[in-house]
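One structure below.
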Amino acid sequence: MKTYYKTILIALFLLISATGILAQTKQAKLNQVELFKQFLGTWTGEVGKDTTITGVNEPFGTGIECNSQIITKGKILDSVKQLLGYDIRSDRFIIAELKKSSPVIEICSTWFTTEYAGELVLSQDSSDPEKATLMFKFEFKSPDLIVQTAFYNGKVIKAVTLTRIKK
């Protein structure tokens, strides 16, 4: 009879331990719409020697409209328009991007993985970000500073620091 009680106690202990472990590893769902509001405003960063990018992000419904310019030595090299919209099914933002210099429309998806960091991948790679050919990771180092790192085939190719311009 004592063995029977010991077995029940051990099983009960394991069940409680396993439940406690599962409860500790479960993360609260991130509110993507609220987190993306951190991007609102005007941002600038150096993308190359004497070359900067400046983007203005404004709210548009539950999304964001972004207008950017790439400038070198005072001359506009390119203009970019992006529309970010929240997709409730995937819990991600979908980005449609047009560049003045290109007839191609790029479609990407992006999401926060923590309160201050996230990822962006091209749509054809979005189902498995680890296998994405081209992907970006971003991290808010402060409310006015973002570091965005580009990866190609898993290797870092460029890191850009963006700073919020205060009016």
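As shown in the structure tokens, the chain order sets the letters A, B, ...; within each chain, residues go from 1, and ligands are also counted from 1 in the order they appear.
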Compile a residue-level contact table for region 29-66 of chain A against region 154-166 of chain A at a cut-off of 10 Å, reporting for every qualifying residue the shortest atom pair and its distance in Å to one decimal, with only C-alpha atoms counted, rows ordered by chain and ascending number, as CSV.
```
residue,atom,partner,partner_atom,distance
A:Phe39,CA,A:Arg164,CA,9.0
A:Leu40,CA,A:Arg164,CA,9.2
A:Gly41,CA,A:Arg164,CA,6.9
A:Thr42,CA,A:Ile165,CA,5.4
A:Trp43,CA,A:Arg164,CA,4.4
A:Thr44,CA,A:Leu162,CA,5.2
A:Gly45,CA,A:Leu162,CA,4.4
A:Glu46,CA,A:Val160,CA,6.8
A:Val47,CA,A:Val160,CA,6.3
A:Gly48,CA,A:Val160,CA,9.2
A:Thr52,CA,A:Leu162,CA,9.8
A:Ile53,CA,A:Leu162,CA,8.7
A:Thr54,CA,A:Leu162,CA,8.8
A:Gly55,CA,A:Arg164,CA,9.5
A:Val56,CA,A:Ile165,CA,9.6
```
Got time to write the residues from that selection, C-alpha atoms, as a JSON list (two decimals), in the first residue's frame?
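Once everything was written out, this is again-v4.json:
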```json
[["chain", "number", "residue", "atom", "x", "y", "z"],
["A", 39, "PHE", "CA", 7.74, 53.69, -35.65],
["A", 40, "LEU", "CA", 5.60, 56.82, -36.06],
["A", 41, "GLY", "CA", 7.49, 60.04, -36.69],
["A", 42, "THR", "CA", 10.45, 61.07, -38.82],
["A", 43, "TRP", "CA", 13.57, 58.90, -38.86],
["A", 44, "THR", "CA", 16.98, 59.30, -40.48],
["A", 45, "GLY", "CA", 20.11, 57.20, -40.80],
["A", 46, "GLU", "CA", 23.31, 56.82, -42.76],
["A", 47, "VAL", "CA", 23.17, 54.00, -45.34],
["A", 48, "GLY", "CA", 26.51, 54.65, -47.02],
["A", 52, "THR", "CA", 21.29, 59.02, -45.85],
["A", 53, "ILE", "CA", 17.73, 57.82, -45.74],
["A", 54, "THR", "CA", 14.96, 59.89, -44.20],
["A", 55, "GLY", "CA", 11.49, 58.46, -43.67],
["A", 56, "VAL", "CA", 8.26, 59.99, -42.43]]
```
What's around Val33 (chain A) at 12 Å? Count only C-alpha atoms, leave out sequence neighbours fewer than 5 positions away in its own chain, and write the answer as an NGL selection string.
:A and (38-40 or 59-64 or 84-88 or 91-94 or 110-112 or 115)
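Near Ile95 (chain A), within a cut-off of 7 Å and counting only C-alpha atoms, sit the residues Gln82, Leu83, Leu84, Gly85, Ile107, Cys108 and Ser109 of chain A, with same-chain residues fewer than 4 positions away left out.
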For the residues in that selection, give me N, CA and C atoms as a compact mmCIF listing (two decimals), in the first residue's frame.
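This went into result_38.txt:
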```txt
# COMPACT_ATOMS: atom_id res chain seq x y z
N GLN A 82 5.75 53.26 -48.78
CA GLN A 82 5.33 51.99 -48.17
C GLN A 82 3.97 52.17 -47.51
N LEU A 83 3.17 51.14 -47.60
CA LEU A 83 1.92 51.09 -46.86
C LEU A 83 1.94 49.82 -46.04
N LEU A 84 1.87 49.98 -44.72
CA LEU A 84 1.87 48.84 -43.80
C LEU A 84 0.47 48.66 -43.27
N GLY A 85 -0.05 47.45 -43.40
CA GLY A 85 -1.39 47.15 -42.90
C GLY A 85 -1.37 45.92 -42.03
N ILE A 107 6.50 42.97 -51.63
CA ILE A 107 5.57 42.64 -50.57
C ILE A 107 6.37 41.93 -49.48
N CYS A 108 6.25 42.43 -48.27
CA CYS A 108 6.98 41.88 -47.13
C CYS A 108 6.02 41.70 -45.96
N SER A 109 6.45 40.94 -44.98
CA SER A 109 5.71 40.89 -43.73
C SER A 109 6.67 41.19 -42.59
```
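Closest approach to Thr51 (chain A) among A:Lys29, A:Lys167, A:Lys100, A:Lys75: A:Lys75, based on only C-alpha atoms.
Our summary of the geometry notes that CA of Glu34 (chain A) is positioned 15.6 Å from CA of Glu139 (chain A).
CA of Ala150 (chain A) is found 6.7 Å from CA of Lys137 (chain A).
Here CA of Leu134 (chain A) is placed at a distance of 6.9 Å from CA of Leu122 (chain A).
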All helix (DSSP H, G or I) positions in region 6-167 of chain A, as a ChimeraX atom specification
/A:6-25,32-39,123-125,129-131
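Considering only C-alpha atoms, the residue among A:Thr72, A:Ser79, A:Ser90, A:Gln148 positioned nearest to Ser102 (chain A) is A:Ser79.
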